[in-house]
file run24.pdb (PDB, C-alpha atoms, pLDDT in the B column)
ATOM      1  CA  LEU A   1      93.161 141.088 100.191  1.00 65.00           C
ATOM      2  CA  GLN A   2      93.259 137.401  99.192  1.00 78.00           C
ATOM      3  CA  MET A   3      91.630 136.387 102.456  1.00 85.00           C
ATOM      4  CA  GLY A   4      88.753 138.777 101.813  1.00 81.00           C
ATOM      5  CA  ALA A   5      88.278 137.390  98.315  1.00 82.00           C
ATOM      6  CA  VAL A   6      88.303 133.769  99.506  1.00 88.00           C
ATOM      7  CA  SER A   7      85.947 134.583 102.369  1.00 83.00           C
ATOM      8  CA  GLY A   8      83.609 136.439 100.046  1.00 84.00           C
ATOM      9  CA  LEU A   9      83.544 133.647  97.470  1.00 83.00           C
ATOM     10  CA  SER A  10      83.043 131.037 100.167  1.00 86.00           C
ATOM     11  CA  ASP A  11      79.776 132.719 101.136  1.00 83.00           C
ATOM     12  CA  VAL A  12      78.393 132.642  97.587  1.00 84.00           C
ATOM     13  CA  PRO A  13      76.567 129.339  96.977  1.00 80.00           C
ATOM     14  CA  ASP A  14      77.133 129.428  93.244  1.00 86.00           C
ATOM     15  CA  HIS A  15      78.997 127.201  90.790  1.00 88.00           C
ATOM     16  CA  ASP A  16      80.866 130.210  89.374  1.00 91.00           C
ATOM     17  CA  ALA A  17      82.213 131.108  92.827  1.00 93.00           C
ATOM     18  CA  THR A  18      83.433 127.536  93.274  1.00 94.00           C
ATOM     19  CA  ALA A  19      85.031 127.586  89.821  1.00 95.00           C
ATOM     20  CA  LEU A  20      86.875 130.821  90.683  1.00 94.00           C
ATOM     21  CA  MET A  21      88.243 129.334  93.902  1.00 94.00           C
ATOM     22  CA  ILE A  22      89.404 126.227  92.054  1.00 97.00           C
ATOM     23  CA  ALA A  23      91.005 128.249  89.253  1.00 96.00           C
ATOM     24  CA  SER A  24      92.904 130.517  91.650  1.00 95.00           C
ATOM     25  CA  PHE A  25      93.739 127.911  94.299  1.00 96.00           C
ATOM     26  CA  GLN A  26      97.415 127.436  93.426  1.00 95.00           C
ATOM     27  CA  SER A  27      98.104 131.182  93.477  1.00 95.00           C
ATOM     28  CA  LEU A  28      96.754 131.553  97.024  1.00 95.00           C
ATOM     29  CA  THR A  29      98.992 131.729 100.062  1.00 95.00           C
ATOM     30  CA  GLU A  30      99.015 128.620 102.259  1.00 95.00           C
ATOM     31  CA  PRO A  31      96.705 130.101 104.927  1.00 94.00           C
ATOM     32  CA  ASN A  32      94.260 131.191 102.227  1.00 95.00           C
ATOM     33  CA  GLN A  33      94.441 127.767 100.605  1.00 96.00           C
ATOM     34  CA  ALA A  34      93.306 126.335 103.947  1.00 95.00           C
ATOM     35  CA  LEU A  35      90.330 128.719 103.924  1.00 95.00           C
ATOM     36  CA  ALA A  36      89.579 127.750 100.337  1.00 96.00           C
ATOM     37  CA  VAL A  37      89.629 124.028 101.174  1.00 97.00           C
ATOM     38  CA  ALA A  38      87.083 124.610 103.935  1.00 95.00           C
ATOM     39  CA  ALA A  39      84.897 126.484 101.459  1.00 95.00           C
ATOM     40  CA  LEU A  40      85.367 123.906  98.703  1.00 96.00           C
ATOM     41  CA  ILE A  41      83.959 121.122 100.857  1.00 96.00           C
ATOM     42  CA  ARG A  42      81.135 123.131 102.395  1.00 94.00           C
ATOM     43  CA  SER A  43      78.270 121.693 100.319  1.00 96.00           C
ATOM     44  CA  PRO A  44      77.714 118.467  98.395  1.00 97.00           C
ATOM     45  CA  GLN A  45      77.871 120.306  95.051  1.00 97.00           C
ATOM     46  CA  ARG A  46      81.125 122.011  95.980  1.00 97.00           C
ATOM     47  CA  CYS A  47      82.516 118.654  97.078  1.00 98.00           C
ATOM     48  CA  MET A  48      81.607 117.165  93.709  1.00 98.00           C
ATOM     49  CA  ASP A  49      83.184 120.118  91.864  1.00 97.00           C
ATOM     50  CA  THR A  50      86.329 119.838  93.990  1.00 98.00           C
ATOM     51  CA  LEU A  51      86.653 116.090  93.474  1.00 98.00           C
ATOM     52  CA  THR A  52      86.119 116.538  89.740  1.00 98.00           C
ATOM     53  CA  ALA A  53      88.819 119.226  89.644  1.00 98.00           C
ATOM     54  CA  LEU A  54      91.173 116.891  91.509  1.00 98.00           C
ATOM     55  CA  ALA A  55      90.457 114.079  89.053  1.00 98.00           C
ATOM     56  CA  GLU A  56      91.095 116.413  86.116  1.00 98.00           C
ATOM     57  CA  GLY A  57      94.336 117.802  87.570  1.00 97.00           C
ATOM     58  CA  ARG A  58      92.976 121.328  88.043  1.00 98.00           C
ATOM     59  CA  LEU A  59      93.889 121.204  91.735  1.00 98.00           C
ATOM     60  CA  PRO A  60      97.244 120.053  93.129  1.00 97.00           C
ATOM     61  CA  GLU A  61      97.700 116.314  93.602  1.00 97.00           C
ATOM     62  CA  THR A  62      98.827 116.924  97.198  1.00 96.00           C
ATOM     63  CA  LEU A  63      95.337 118.141  98.058  1.00 97.00           C
ATOM     64  CA  LYS A  64      94.110 114.559  97.706  1.00 98.00           C
ATOM     65  CA  ARG A  65      95.936 113.759 100.947  1.00 97.00           C
ATOM     66  CA  ASN A  66      94.494 116.712 102.867  1.00 97.00           C
ATOM     67  CA  PRO A  67      92.699 115.328 105.962  1.00 97.00           C
ATOM     68  CA  ALA A  68      89.584 117.430 105.311  1.00 97.00           C
ATOM     69  CA  VAL A  69      89.420 116.220 101.713  1.00 98.00           C
ATOM     70  CA  GLN A  70      90.000 112.623 102.827  1.00 98.00           C
ATOM     71  CA  LYS A  71      86.903 112.918 105.039  1.00 98.00           C
ATOM     72  CA  LEU A  72      84.818 113.159 101.876  1.00 98.00           C
ATOM     73  CA  ARG A  73      84.986 109.362 101.877  1.00 97.00           C
ATOM     74  CA  GLN A  74      82.498 109.504 104.779  1.00 97.00           C
ATOM     75  CA  HIS A  75      80.345 112.345 103.439  1.00 98.00           C
ATOM     76  CA  THR A  76      76.588 112.153 104.016  1.00 97.00           C
ATOM     77  CA  SER A  77      76.007 112.350 100.262  1.00 98.00           C
ATOM     78  CA  GLU A  78      76.359 108.995  98.540  1.00 98.00           C
ATOM     79  CA  ASP A  79      77.383 110.721  95.295  1.00 98.00           C
ATOM     80  CA  VAL A  80      80.237 112.501  97.076  1.00 98.00           C
ATOM     81  CA  ARG A  81      81.350 109.294  98.812  1.00 98.00           C
ATOM     82  CA  LEU A  82      81.386 107.326  95.553  1.00 98.00           C
ATOM     83  CA  LEU A  83      83.356 109.995  93.686  1.00 98.00           C
ATOM     84  CA  ALA A  84      85.783 110.358  96.601  1.00 98.00           C
ATOM     85  CA  GLU A  85      86.451 106.608  96.473  1.00 98.00           C
ATOM     86  CA  LYS A  86      87.316 106.900  92.778  1.00 98.00           C
ATOM     87  CA  VAL A  87      89.456 110.039  93.022  1.00 98.00           C
ATOM     88  CA  LEU A  88      91.249 109.880  96.366  1.00 98.00           C
ATOM     89  CA  PRO A  89      94.161 107.556  97.130  1.00 93.00           C
TER      90      PRO A  89
END
call {"tool": "encode", "arguments": {"input": "run24.pdb", "output": "structure tokens"}}
result
Amino acid sequence: LQMGAVSGLSDVPDHDATALMIASFQSLTEPNQALAVAALIRSPQRCMDTLTALAEGRLPETLKRNPAVQKLRQHTSEDVRLLAEKVLP
């Protein structure tokens, strides 16, 4: 059921869908968290929302070390790269 919800939200290119994934992230199972991470870095806006949530402590600190999240340092969007440099260790 969780997987269906994460998959469904990941296909909705809307700020509210991103906010729901961020808000529910810690209650997801580990495999569904992996799906959510992929969705949360799918677009530049989602990357910015995810990095902001990390900076504000709304996502677990351990996510900052996730290899996919670390790749945001090389994102094609300059805004994402700059925020990633500020937020990620």
call {"tool": "residues_around", "arguments": {"input": "run24.pdb", "residues": "A:Ser43", "least_positions_apart": "5", "cutoff": "10 Å", "atoms": "all atoms listed in the file", "output": "list of chain:residue names"}}
result
A:Pro13, A:Ala38, A:Met48, A:Asp49, A:Ser77, A:Val80
call {"tool": "atom_distance", "arguments": {"input": "run24.pdb", "atom1": "atom CA of A:Ser10", "atom2": "atom CA of A:Lys86"}}
result
25.6 Å
call {"tool": "closest_residue", "arguments": {"input": "run24.pdb", "among": "A:Thr50, A:Gln45, A:Ser27, A:Thr62", "to": "A:Asp79", "atoms": "all atoms listed in the file"}}
result
A:Gln45
call {"tool": "closest_residue", "arguments": {"input": "run24.pdb", "among": "A:Ala39, A:Leu59, A:Ala84, A:Cys47", "to": "A:Ser24", "atoms": "only C-alpha atoms"}}
result
A:Leu59
call {"tool": "closest_residue", "arguments": {"input": "run24.pdb", "among": "A:Leu9, A:Met3, A:Leu83, A:Ala23", "to": "A:Pro60", "atoms": "only C-alpha atoms"}}
result
A:Ala23
call {"tool": "resolve_selection", "arguments": {"input": "run24.pdb", "expression": "the PyMOL selection byres ((chain A and resi 68) around 12)", "output": "JSON, numbers by chain"}}
result
{"A": [34, 35, 36, 37, 38, 39, 40, 41, 42, 47, 63, 64, 65, 66, 67, 69, 70, 71, 72, 73, 74, 75, 84, 88]}
call {"tool": "atom_distance", "arguments": {"input": "run24.pdb", "atom1": "atom CA of A:Pro89", "atom2": "atom CA of A:Arg58"}}
result
16.5 Å
call {"tool": "atom_distance", "arguments": {"input": "run24.pdb", "atom1": "atom CA of A:Gln2", "atom2": "atom CA of A:Asp14"}}
result
18.9 Å
call {"tool": "closest_residue", "arguments": {"input": "run24.pdb", "among": "A:Gln33, A:Glu56, A:Glu61, A:Leu51", "to": "A:Ser7", "atoms": "all atoms listed in the file"}}
result
A:Gln33
call {"tool": "decode", "arguments": {"input": "run24.pdb", "residues": "stretch 49-61 of chain A", "atoms": "N, CA, C and O atoms", "output": "mmCIF file, in the first residue's frame"}}
result
data_model
loop_
_atom_site.group_PDB
_atom_site.id
_atom_site.type_symbol
_atom_site.label_atom_id
_atom_site.label_comp_id
_atom_site.auth_asym_id
_atom_site.auth_seq_id
_atom_site.Cartn_x
_atom_site.Cartn_y
_atom_site.Cartn_z
ATOM 1 N N ASP A 49 13.224 21.585 -2.682
ATOM 2 C CA ASP A 49 12.346 21.305 -1.539
ATOM 3 C C ASP A 49 12.991 20.289 -0.598
ATOM 4 O O ASP A 49 12.909 20.425 0.628
ATOM 5 N N THR A 50 13.628 19.280 -1.164
ATOM 6 C CA THR A 50 14.277 18.242 -0.361
ATOM 7 C C THR A 50 15.460 18.814 0.416
ATOM 8 O O THR A 50 15.607 18.556 1.614
ATOM 9 N N LEU A 51 16.285 19.600 -0.257
ATOM 10 C CA LEU A 51 17.427 20.212 0.420
ATOM 11 C C LEU A 51 16.972 21.177 1.518
ATOM 12 O O LEU A 51 17.564 21.216 2.601
ATOM 13 N N THR A 52 15.911 21.905 1.260
ATOM 14 C CA THR A 52 15.367 22.808 2.275
ATOM 15 C C THR A 52 14.859 22.012 3.475
ATOM 16 O O THR A 52 15.111 22.381 4.629
ATOM 17 N N ALA A 53 14.169 20.915 3.215
ATOM 18 C CA ALA A 53 13.675 20.062 4.306
ATOM 19 C C ALA A 53 14.837 19.475 5.102
ATOM 20 O O ALA A 53 14.761 19.388 6.335
ATOM 21 N N LEU A 54 15.911 19.104 4.430
ATOM 22 C CA LEU A 54 17.093 18.609 5.138
ATOM 23 C C LEU A 54 17.690 19.703 6.017
ATOM 24 O O LEU A 54 18.048 19.457 7.168
ATOM 25 N N ALA A 55 17.791 20.896 5.487
ATOM 26 C CA ALA A 55 18.360 22.018 6.245
ATOM 27 C C ALA A 55 17.508 22.348 7.460
ATOM 28 O O ALA A 55 18.037 22.744 8.507
ATOM 29 N N GLU A 56 16.200 22.181 7.339
ATOM 30 C CA GLU A 56 15.280 22.512 8.425
ATOM 31 C C GLU A 56 15.042 21.348 9.384
ATOM 32 O O GLU A 56 14.256 21.474 10.317
ATOM 33 N N GLY A 57 15.665 20.201 9.125
ATOM 34 C CA GLY A 57 15.501 19.044 9.999
ATOM 35 C C GLY A 57 14.200 18.288 9.816
ATOM 36 O O GLY A 57 13.813 17.505 10.676
ATOM 37 N N ARG A 58 13.515 18.494 8.701
ATOM 38 C CA ARG A 58 12.258 17.792 8.441
ATOM 39 C C ARG A 58 12.483 16.437 7.778
ATOM 40 O O ARG A 58 11.539 15.664 7.611
ATOM 41 N N LEU A 59 13.717 16.165 7.396
ATOM 42 C CA LEU A 59 14.116 14.855 6.891
ATOM 43 C C LEU A 59 15.295 14.398 7.744
ATOM 44 O O LEU A 59 16.036 15.233 8.289
ATOM 45 N N PRO A 60 15.498 13.081 7.861
ATOM 46 C CA PRO A 60 16.563 12.586 8.733
ATOM 47 C C PRO A 60 17.955 13.049 8.283
ATOM 48 O O PRO A 60 18.251 13.101 7.086
ATOM 49 N N GLU A 61 18.772 13.359 9.253
ATOM 50 C CA GLU A 61 20.145 13.813 9.009
ATOM 51 C C GLU A 61 20.933 12.796 8.175
ATOM 52 O O GLU A 61 21.767 13.160 7.350
#
